[in-house]
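Student: Sharing a structure, written as structure tokens. Questions coming.
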Amino acid sequence: MLRLLSAMLALVLFAQAFDTQAAVVIGGTRVVFPAQSRDVSLKVENKGAEPALVQAWIDDGDDTSSPSTARAPFAITPPVFRIDPGHAHTLRIVHVGNEAPRDRESLYWLNVLEIPPKPADAEGKNTLQFAFRHRLKLFHRPKNLPSPPERAPSGLRWSMQRAGGALRLRVENPSPYHVSFNAVGLSSEGKEPTSLSLGGGMVGPGVSLHFPVPVVGGGDGWKVHFVTINDYGAAIPGTAALEP
């Protein structure tokens, strides 16, 4: 019982530390970098009561990257800066690298690391601090693509497949854009209506993604329900019929 109480107390203290220290707020859930632009800006704000040190970098998909190991054709200014409580700072992202594909988007990741200050009364004490990393998708988008990004979800192709006896939902993306899912599900209009939640994810341009379907049966009569995230971070619901 004593161990259980100690574990519960540790969780409470962890939650309190998270609430009080995760103070940096980013002005957006993703970054779209138009190929014809020289740079884009992103607002970073400190909503906390203490100053914060922030470090930012961009990588090409390695979630273990650091500023010294990350690889991406972008530069950020400033890469390290301090934000006082109630103040904001603007990150400037510049494309400086190689020739990007012109027929589809390219995906990179923006990392914003928040390093809290050392507590003033920490001298001679054992303290536990957390550095919080925000990780946002950055889409490098060529100009003159054949269709606008908001049409990409409606062009997805959905089908049911069997692989080794298991049922799975396949989505194919013929568009030049990345499509991010907040949720994907199935509903059946048979004698016993059923609803299945299959999670989320992202499908890139010209590729497919699979969702395991935890049911036994042929999959007849299913309808796909999905929620995608647009350029502004809004959730857009949609439905689709399965292709044969």
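Residue numbers start at 1 in each chain; chains themselves are named A, B, ... in the order of the structure tokens; ligands are numbered from 1 in the order shown.
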Find the spatial neighbours of Ser197 in chain A, counting only C-alpha atoms, within a cut-off of 12 Å - ignore same-chain residues fewer than 3 positions away - and output them as a list in words.
Tutor: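 So, after excluding close chain neighbours, the residues are Leu169, Asn182, Ala183, Val184, Gly185, Leu186, Ser187, Thr194, Gly200, Phe211, Pro212, Val213, Pro214, Val215, Val224, His225, Phe226 and Val227 of chain A.
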Student: Extract, using only C-alpha atoms, all DNA, RNA and protein residues at most 7 Å from Arg135 in chain A, discarding same-chain residues fewer than 4 positions from it, and format them as a list of chain:residue names.
Tutor: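 Result of the neighbour search: A:Trp109, A:Leu110, A:Asn111, A:Val112.
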Student: Can you list, as number ranges by chain, every protein, DNA or RNA residue that comes within 10 Å of range 68-83 of chain A when you count only C-alpha atoms, leaving out same-chain residues fewer than 2 positions away?
Tutor: A: 24, 39-41, 44-48, 50-66, 85-100, 107-110, 112-115
Student: Please produce an output containing C-alpha atoms for each residue in the selection, written as a compact mmCIF listing (two decimals), in the first residue's frame.
Tutor:
```
# COMPACT_ATOMS: atom_id res chain seq x y z
CA VAL A 24 5.75 27.60 -24.72
CA ASP A 39 10.86 32.29 -46.06
CA VAL A 40 7.97 31.69 -43.68
CA SER A 41 7.44 32.86 -40.10
CA VAL A 44 6.25 31.21 -30.47
CA GLU A 45 4.80 32.55 -27.21
CA ASN A 46 5.59 32.02 -23.52
CA LYS A 47 2.34 31.58 -21.60
CA GLY A 48 4.10 30.64 -18.37
CA GLU A 50 8.97 32.00 -15.83
CA PRO A 51 11.39 32.77 -18.69
CA ALA A 52 12.15 29.91 -21.06
CA LEU A 53 15.08 29.05 -23.29
CA VAL A 54 14.00 27.73 -26.70
CA GLN A 55 16.03 25.83 -29.30
CA ALA A 56 14.65 25.08 -32.78
CA TRP A 57 15.77 22.87 -35.66
CA ILE A 58 14.34 20.94 -38.64
CA ASP A 59 14.94 17.31 -39.58
CA ASP A 60 13.92 15.02 -42.45
CA GLY A 61 12.06 12.45 -40.35
CA ASP A 62 14.55 11.28 -37.71
CA ASP A 63 12.72 11.78 -34.42
CA THR A 64 15.97 11.19 -32.50
CA SER A 65 17.67 14.10 -34.24
CA SER A 66 19.40 16.97 -32.49
CA PRO A 85 6.80 35.45 -19.55
CA GLY A 86 3.95 36.94 -21.56
CA HIS A 87 6.18 37.68 -24.55
CA ALA A 88 6.37 36.20 -28.04
CA HIS A 89 9.11 35.56 -30.56
CA THR A 90 9.01 34.96 -34.29
CA LEU A 91 10.91 32.11 -35.91
CA ARG A 92 12.03 32.69 -39.49
CA ILE A 93 12.42 29.56 -41.62
CA VAL A 94 14.43 29.80 -44.83
CA HIS A 95 14.79 27.16 -47.57
CA VAL A 96 18.50 26.91 -48.32
CA GLY A 97 19.02 23.45 -49.71
CA ASN A 98 18.72 21.18 -52.66
CA GLU A 99 16.22 21.07 -55.48
CA ALA A 100 12.93 19.69 -54.15
CA LEU A 107 7.69 16.36 -45.59
CA TYR A 108 10.05 17.62 -42.89
CA TRP A 109 9.71 18.14 -39.14
CA LEU A 110 10.12 21.29 -37.08
CA VAL A 112 10.91 23.38 -30.84
CA LEU A 113 12.62 22.46 -27.57
CA GLU A 114 11.58 24.30 -24.42
CA ILE A 115 14.19 24.31 -21.65
```
Student: From a DSSP calculation on the backbone, collect every residue of range 19-168 of chain A in strand (DSSP E or B) and output the set as a VMD selection string.
Tutor: chain A and resid 24 to 26 30 to 34 39 to 46 52 to 59 74 to 77 80 to 83 88 to 95 106 to 115 132 to 141 157 to 163 166 to 168
Student: For a test of reading the model, state the distance in Å between CA of Pro67 in chain A and CA of Pro116 in chain A, rounded to one decimal.
Tutor: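 For CA of Pro67 in chain A relative to CA of Pro116 in chain A, the distance reads 18.1 Å.
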Student: To one decimal place, how far is CA of Arg141 in chain A from CA of Ser37 in chain A in Å?
Tutor: 10.0 Å
Student: Go through A:Ala152, A:His178, A:Lys223, A:Leu196 one by one, measure the shortest atom-to-atom distance of each to Ala240 in chain A using only C-alpha atoms, and give the residue with the smallest value.
Tutor: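 Ranking A:Ala152, A:His178, A:Lys223, A:Leu196 by distance to Ala240 in chain A, first place goes to A:Lys223.
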Student: Closest to Ser106 in chain A among A:Val171, A:Ala166, A:Val32, A:Ala49, using only C-alpha atoms?
Tutor: A:Val32
Student: Quick one: contact table of range 118-213 of chain A to range 231-239 of chain A, 9 Å max, nearest atom pair and distance in Å to one decimal per residue, counting only C-alpha atoms, chain and number order, as a tab-separated table?
Tutor:
```
residue	atom	partner	partner_atom	distance
A:Pro149	CA	A:Asp231	CA	8.3
A:Glu150	CA	A:Asp231	CA	8.6
A:Pro153	CA	A:Gly238	CA	7.8
A:Ser154	CA	A:Gly238	CA	7.6
A:Phe181	CA	A:Ala235	CA	8.8
A:Asn182	CA	A:Ala235	CA	7.3
```
Student: Those same residues, written as a PDB file, in the first residue's frame with N, CA and C atoms?
Tutor:
```
ATOM      1  N   PRO A 149      -5.081  21.649 -52.187  1.00  0.00           N
ATOM      2  CA  PRO A 149      -4.913  20.657 -51.105  1.00  0.00           C
ATOM      3  C   PRO A 149      -6.220  20.240 -50.456  1.00  0.00           C
ATOM      4  N   GLU A 150      -7.226  21.118 -50.429  1.00  0.00           N
ATOM      5  CA  GLU A 150      -8.476  20.757 -49.770  1.00  0.00           C
ATOM      6  C   GLU A 150      -9.257  19.673 -50.518  1.00  0.00           C
ATOM      7  N   PRO A 153      -8.476  14.926 -49.620  1.00  0.00           N
ATOM      8  CA  PRO A 153      -9.202  13.877 -48.884  1.00  0.00           C
ATOM      9  C   PRO A 153     -10.318  13.218 -49.689  1.00  0.00           C
ATOM     10  N   SER A 154     -11.026  14.003 -50.492  1.00  0.00           N
ATOM     11  CA  SER A 154     -12.141  13.429 -51.254  1.00  0.00           C
ATOM     12  C   SER A 154     -11.660  12.525 -52.378  1.00  0.00           C
ATOM     13  N   PHE A 181      -4.641  12.118 -40.844  1.00  0.00           N
ATOM     14  CA  PHE A 181      -5.897  11.665 -40.258  1.00  0.00           C
ATOM     15  C   PHE A 181      -5.885  11.872 -38.756  1.00  0.00           C
ATOM     16  N   ASN A 182      -6.923  12.518 -38.258  1.00  0.00           N
ATOM     17  CA  ASN A 182      -7.147  12.579 -36.828  1.00  0.00           C
ATOM     18  C   ASN A 182      -7.850  11.310 -36.352  1.00  0.00           C
TER      19      ASN A 182
END
```
